[in-house]
$ cat protein_33.txt   # compact mmCIF, C-alpha atoms
# COMPACT_ATOMS: atom_id res chain seq x y z
CA MET A 1 0.49 76.17 32.82
CA SER A 2 3.47 78.54 32.82
CA ALA A 3 6.73 77.93 30.94
CA ASP A 4 8.40 77.00 34.25
CA GLU A 5 5.65 74.48 35.06
CA ASN A 6 5.97 72.96 31.60
CA LYS A 7 9.73 72.70 32.07
CA ARG A 8 9.35 71.01 35.46
CA LEU A 9 6.90 68.51 33.95
CA LEU A 10 9.43 67.47 31.28
CA GLU A 11 12.21 67.32 33.88
CA ARG A 12 10.10 64.87 35.91
CA ILE A 13 9.28 62.81 32.81
CA PHE A 14 12.93 62.50 31.79
CA ALA A 15 14.06 61.78 35.33
CA GLY A 16 11.94 58.64 35.12
CA MET A 17 13.02 57.84 31.56
CA ALA A 18 16.69 58.02 32.61
CA GLU A 19 15.93 54.94 34.75
CA GLY A 20 13.76 53.27 32.13
CA ASP A 21 10.46 54.33 33.72
CA THR A 22 8.13 55.70 31.02
CA ARG A 23 4.90 55.61 33.01
CA LEU A 24 4.61 59.38 33.52
CA PHE A 25 5.55 59.98 29.90
CA ALA A 26 2.73 57.71 28.71
CA GLU A 27 0.25 59.14 31.22
CA ARG A 28 0.88 62.71 30.11
CA MET A 29 0.40 62.04 26.39
CA ALA A 30 -2.82 63.65 25.17
CA GLU A 31 -5.09 61.31 23.21
CA ASP A 32 -4.29 63.33 20.07
CA PHE A 33 -0.56 63.42 20.86
CA ALA A 34 1.55 63.58 17.67
CA TRP A 35 5.19 62.49 17.47
CA THR A 36 7.19 63.55 14.41
CA VAL A 37 10.54 61.85 13.78
CA SER A 38 12.58 64.04 11.44
CA GLY A 39 14.93 62.84 8.71
CA SER A 40 14.57 60.15 6.07
CA SER A 41 14.97 56.90 8.01
CA ARG A 42 12.27 54.23 8.05
CA TRP A 43 11.25 55.64 11.47
CA SER A 44 10.79 59.14 10.02
CA ARG A 45 7.15 60.22 9.83
CA THR A 46 4.43 61.67 12.02
CA TYR A 47 2.75 59.22 14.41
CA ALA A 48 -0.67 60.76 15.00
CA GLY A 49 -2.54 59.77 18.16
CA ARG A 50 -1.41 58.36 21.51
CA GLN A 51 -2.24 54.76 20.59
CA THR A 52 -0.40 55.04 17.27
CA VAL A 53 2.70 56.32 19.07
CA LEU A 54 2.59 53.47 21.57
CA ARG A 55 1.83 50.77 18.98
CA GLU A 56 3.79 51.82 15.88
CA LEU A 57 6.79 53.68 17.33
CA LEU A 58 7.52 52.67 20.91
CA ALA A 59 6.47 49.01 20.70
CA PRO A 60 8.78 48.19 17.71
CA LEU A 61 11.59 50.05 19.47
CA ARG A 62 11.11 47.95 22.60
CA GLU A 63 11.33 44.82 20.45
CA ARG A 64 14.89 45.78 19.51
CA ILE A 65 16.19 47.01 22.88
CA ALA A 66 17.31 44.75 25.71
CA GLY A 67 15.66 45.72 28.98
CA ARG A 68 14.06 49.10 29.52
CA ILE A 69 14.72 52.00 27.16
CA LYS A 70 16.73 54.68 28.97
CA THR A 71 16.88 58.30 27.81
CA ALA A 72 18.28 61.00 30.10
CA GLY A 73 17.55 64.70 29.76
CA VAL A 74 20.70 66.86 29.66
CA ARG A 75 19.32 70.37 29.15
CA PHE A 76 15.82 71.87 29.25
CA VAL A 77 14.79 75.20 27.72
CA ALA A 78 11.20 76.46 27.99
CA GLU A 79 9.36 79.33 26.35
CA GLY A 80 5.59 79.63 26.37
CA ASP A 81 4.07 76.23 25.63
CA LEU A 82 7.30 74.87 24.11
CA VAL A 83 9.98 72.88 25.94
CA VAL A 84 13.20 71.88 24.18
CA VAL A 85 15.01 68.87 25.66
CA GLU A 86 18.53 67.81 24.79
CA ALA A 87 18.83 64.13 25.70
CA ARG A 88 21.15 61.12 25.55
CA GLY A 89 20.21 57.48 25.23
CA SER A 90 22.01 54.65 27.04
CA ASN A 91 20.80 51.38 25.58
CA THR A 92 21.86 48.03 24.13
CA THR A 93 20.03 46.01 21.50
CA LYS A 94 19.02 42.39 22.05
CA ASP A 95 21.95 41.51 19.78
CA GLY A 96 24.34 43.16 22.25
CA VAL A 97 25.05 46.27 20.14
CA PRO A 98 25.26 49.63 22.00
CA TYR A 99 22.63 52.16 20.96
CA ASP A 100 23.48 55.49 22.57
CA ASN A 101 21.81 58.06 20.35
CA SER A 102 21.70 61.82 20.93
CA TYR A 103 18.40 63.69 20.67
CA CYS A 104 16.79 67.08 20.54
CA PHE A 105 13.08 66.99 21.39
CA VAL A 106 10.79 69.97 20.88
CA PHE A 107 7.65 69.43 22.98
CA ARG A 108 4.46 71.46 22.99
CA VAL A 109 2.52 71.23 26.25
CA ARG A 110 -1.23 71.89 26.46
CA ASP A 111 -3.03 72.06 29.82
CA GLY A 112 -0.52 69.77 31.49
CA LYS A 113 -0.58 67.21 28.67
CA LEU A 114 1.95 66.55 25.93
CA ALA A 115 0.31 67.72 22.71
CA GLU A 116 3.12 67.06 20.25
CA VAL A 117 6.86 66.50 19.90
CA THR A 118 9.35 66.77 17.06
CA GLU A 119 12.40 64.55 17.45
CA TYR A 120 15.82 65.17 15.91
CA MET A 121 18.40 62.38 16.18
CA ASP A 122 21.25 60.60 14.42
CA THR A 123 19.12 58.76 11.86
CA GLN A 124 22.15 57.02 10.37
CA LEU A 125 22.94 55.46 13.75
CA ALA A 126 19.31 54.38 14.10
CA ALA A 127 19.36 52.78 10.65
CA THR A 128 22.70 51.05 11.25
CA VAL A 129 21.84 49.64 14.68
CA LEU A 130 18.05 49.27 14.82
CA ASP A 131 17.43 48.15 11.25
CA ALA A 132 20.25 45.62 11.05
CA THR A 133 19.12 42.21 9.84
CA ARG A 134 19.08 39.57 12.58
CA ALA A 135 20.17 35.97 11.98
CA ALA A 136 17.18 33.68 11.52
CA VAL A 137 15.81 30.80 9.43
CA LYS A 138 12.19 31.16 8.29
CA PRO A 139 10.68 27.96 6.86
CA LEU A 140 8.19 28.03 3.98
CA GLU A 141 4.80 27.06 5.46
CA LEU A 142 2.40 26.11 2.65
CA VAL A 143 -0.54 25.90 5.05
CA LYS A 144 -0.34 29.68 5.51
CA GLU A 145 -1.23 30.39 1.87
CA PHE A 146 -4.19 32.76 1.43
CA PHE A 147 -6.13 34.17 -1.53
CA THR A 148 -5.98 37.91 -2.20
CA PRO A 149 -8.32 40.35 -4.01
CA GLU A 150 -5.46 40.74 -6.50
CA GLN A 151 -6.50 37.26 -7.78
CA CYS A 152 -3.46 35.31 -6.63
CA TYR A 153 -2.45 33.13 -3.70
CA ILE A 154 0.20 34.46 -1.29
CA ILE A 155 2.45 33.07 1.43
CA GLU A 156 4.29 35.72 3.47
CA VAL A 157 7.64 33.96 3.70
CA SER A 158 9.37 36.83 5.47
CA ASN A 159 7.74 40.13 6.40
CA GLY A 160 8.27 41.58 9.85
CA PRO A 161 9.93 44.22 12.00
CA ASP A 162 13.04 42.05 12.37
CA ASP A 163 13.88 42.83 8.72
CA GLU A 164 12.39 46.22 7.82
CA GLY A 165 14.50 46.56 4.69
CA CYS A 166 13.02 43.63 2.77
CA SER A 167 10.07 41.24 2.55
CA ILE A 168 9.62 38.05 0.55
CA ALA A 169 6.29 36.54 -0.49
CA ARG A 170 5.56 33.42 -2.54
CA ALA A 171 2.86 34.17 -5.12
CA ARG A 172 0.83 31.61 -7.10
CA VAL A 173 -1.40 32.48 -10.08
CA LEU A 174 -3.74 29.85 -11.53
CA PRO A 175 -3.76 29.05 -15.28
CA GLY A 176 -5.73 31.59 -17.31
CA VAL A 177 -5.81 34.16 -14.48
CA THR A 178 -4.54 37.74 -14.77
CA THR A 179 -3.90 39.68 -11.57
CA ARG A 180 -5.46 43.10 -11.07
CA TRP A 181 -3.74 46.31 -12.11
CA HIS A 182 -2.08 47.73 -9.02
CA ARG A 183 0.95 49.63 -7.81
CA VAL A 184 3.03 49.69 -4.64
CA LYS A 185 3.89 53.18 -3.42
CA GLY A 186 7.43 53.81 -2.17
CA THR A 187 8.40 50.15 -2.54
CA ALA A 188 10.42 48.43 -5.26
CA GLU A 189 9.50 44.87 -6.26
CA ARG A 190 11.29 42.01 -7.96
CA TYR A 191 9.50 38.96 -9.29
CA VAL A 192 11.66 35.82 -9.40
CA ILE A 193 9.84 33.27 -11.57
CA LEU A 194 10.09 29.78 -10.03
CA GLU A 195 7.57 27.72 -12.02
CA GLY A 196 5.38 28.13 -15.08
CA LYS A 197 5.21 30.91 -17.64
CA GLY A 198 3.33 34.15 -17.97
CA ARG A 199 3.06 37.64 -19.35
CA VAL A 200 3.95 40.70 -17.28
CA GLU A 201 2.82 44.28 -17.91
CA MET A 202 4.48 47.29 -16.27
CA GLY A 203 3.76 50.97 -16.75
CA ASP A 204 3.81 51.96 -20.41
CA LEU A 205 6.08 49.09 -21.49
CA PRO A 206 4.76 46.49 -23.95
CA PRO A 207 3.73 43.14 -22.44
CA GLN A 208 6.66 40.75 -21.97
CA GLU A 209 6.70 36.97 -21.71
CA VAL A 210 8.38 35.47 -18.63
CA LYS A 211 9.45 31.96 -17.72
CA GLN A 212 11.27 30.02 -15.00
CA GLY A 213 14.47 31.81 -13.91
CA ASP A 214 13.46 35.25 -15.17
CA VAL A 215 13.60 38.27 -12.85
CA VAL A 216 11.17 41.19 -13.25
CA LEU A 217 12.23 44.58 -11.83
CA ILE A 218 9.39 46.92 -10.86
CA PRO A 219 10.27 50.44 -9.61
CA PRO A 220 8.20 52.03 -6.80
CA GLY A 221 4.80 53.32 -7.87
CA VAL A 222 4.76 51.67 -11.32
CA ARG A 223 1.45 50.03 -12.29
CA GLN A 224 1.72 46.30 -12.88
CA ARG A 225 -0.05 43.01 -13.41
CA ILE A 226 0.91 39.49 -14.44
CA ALA A 227 -1.00 36.78 -16.33
CA ASN A 228 -0.54 33.01 -16.26
CA THR A 229 -0.37 31.99 -19.94
CA GLY A 230 0.51 28.36 -19.31
CA ASP A 231 -1.36 25.23 -18.28
CA GLN A 232 0.22 24.92 -14.82
CA ASP A 233 0.46 27.25 -11.83
CA LEU A 234 2.67 30.33 -12.24
CA VAL A 235 4.77 30.55 -9.07
CA PHE A 236 7.16 33.36 -8.24
CA LEU A 237 8.78 35.18 -5.34
CA ALA A 238 7.83 38.83 -4.80
CA VAL A 239 10.77 40.56 -3.12
CA CYS A 240 9.97 44.05 -1.79
CA THR A 241 12.32 46.76 -0.53
CA PRO A 242 11.55 48.16 1.95
CA ARG A 243 9.26 45.47 3.29
CA PHE A 244 5.67 45.36 2.04
CA ARG A 245 2.95 46.99 4.11
CA SER A 246 -0.74 46.88 3.25
CA GLU A 247 -1.06 50.68 3.27
CA VAL A 248 1.36 51.07 0.33
CA TYR A 249 -0.75 48.85 -1.95
CA GLU A 250 -3.12 50.62 -4.37
CA ASP A 251 -5.67 48.82 -6.53
CA LEU A 252 -6.00 50.53 -9.94
CA GLN A 253 -9.13 48.76 -11.24

$ encode --input "protein_33.txt" --output "structure tokens"
Amino acid sequence: MSADENKRLLERIFAGMAEGDTRLFAERMAEDFAWTVSGSSRWSRTYAGRQTVLRELLAPLRERIAGRIKTAGVRFVAEGDLVVVEARGSNTTKDGVPYDNSYCFVFRVRDGKLAEVTEYMDTQLAATVLDATRAAVKPLELVKEFFTPEQCYIIEVSNGPDDEGCSIARARVLPGVTTRWHRVKGTAERYVILEGKGRVEMGDLPPQEVKQGDVVLIPPGVRQRIANTGDQDLVFLAVCTPRFRSEVYEDLQ
């Protein structure tokens, strides 16, 4: 396709998106379509593959926006297989907060399909509006406790897209048990000891005894494990910032 044809394709796509119709946009994504969000927000990374884009980028965004997401193209510039689109959003979150971001999209078109896009936006606005904590009460449900390969029992008290900045898990270690050496990449942890006593090991620090009321601070990427040295269950809260995701966990044994 020529540069003009590529430009007309993006003009058609954004004409629909201005009204909240993303069907053509989704249809024209190649299966290996890659979407890179620039900056350092929690949205910023490369989403590789059409299904990943739909599932991990667009679906969480739809969860935050009331009604259809509307993004209107303002200016289109095409050269070769590249089309640059200046765009404006006109949206409101489900909490009633306006979200009217400004964008610059750099698309690469291949044989009539969208091969990739790099997105530039106001990441501070996205963080302020989209990542704001929503009012909610989450009860502790003991029946949801499960055993992990780390050798402890876990209840995910709060861990979801409605609070990307933080997650809270209730951990329980049986007497005489030591959890596996592990680390959590890009995520800081705090252990708040609720019951029992134990011994925590972090990085190159000497082992330290912990008891009810103690707080353990674990920087991102630092190896760690904890042992129950008492005769009753060791129970603590594991508070992670940003929220815990399975892909950031690394077993070191």

$ atom_distance --input "protein_33.txt" --atom1 "atom CA of A:Val157" --atom2 "atom CA of A:Thr229"
25.0 Å

$ atom_distance --input "protein_33.txt" --atom1 "atom CA of A:Leu57" --atom2 "atom CA of A:Val77"
25.2 Å

$ residues_around --input "protein_33.txt" --residues "A:Arg183" --least-positions-apart "3" --cutoff "7 Å" --atoms "all atoms listed in the file" --output "VMD selection string"
chain A and resid 221 to 224 249 to 251

$ closest_atom_pairs --input "protein_33.txt" --of "stretch 63-123 of chain A" --to "stretch 16-34 of chain A" --cutoff "12 Å" --atoms "only C-alpha atoms" --output "tab-separated table"
residue	atom	partner	partner_atom	distance
A:Ile65	CA	A:Gly20	CA	11.4
A:Ala66	CA	A:Gly20	CA	11.2
A:Gly67	CA	A:Gly20	CA	8.4
A:Arg68	CA	A:Gly20	CA	4.9
A:Ile69	CA	A:Gly20	CA	5.2
A:Lys70	CA	A:Gly20	CA	4.6
A:Thr71	CA	A:Ala18	CA	4.8
A:Ala72	CA	A:Ala18	CA	4.2
A:Gly73	CA	A:Ala18	CA	7.3
A:Val74	CA	A:Ala18	CA	10.1
A:Ala87	CA	A:Ala18	CA	9.5
A:Arg88	CA	A:Ala18	CA	8.9
A:Gly89	CA	A:Ala18	CA	8.2
A:Ser90	CA	A:Ala18	CA	8.4
A:Asn91	CA	A:Gly20	CA	9.8
A:Val106	CA	A:Ala34	CA	11.7
A:Phe107	CA	A:Ala34	CA	10.0
A:Arg108	CA	A:Phe33	CA	9.7
A:Val109	CA	A:Ala30	CA	9.3
A:Arg110	CA	A:Ala30	CA	8.5
A:Asp111	CA	A:Ala30	CA	9.6
A:Gly112	CA	A:Arg28	CA	7.3
A:Lys113	CA	A:Arg28	CA	4.9
A:Leu114	CA	A:Met29	CA	4.8
A:Ala115	CA	A:Phe33	CA	4.8
A:Glu116	CA	A:Ala34	CA	4.6
A:Val117	CA	A:Ala34	CA	6.5
A:Thr118	CA	A:Ala34	CA	8.4
A:Glu119	CA	A:Ala34	CA	10.9

$ closest_residue --input "protein_33.txt" --among "A:Asp95, A:Asp81, A:Glu164, A:Glu150" --to "A:Leu9" --atoms "only C-alpha atoms"
A:Asp81
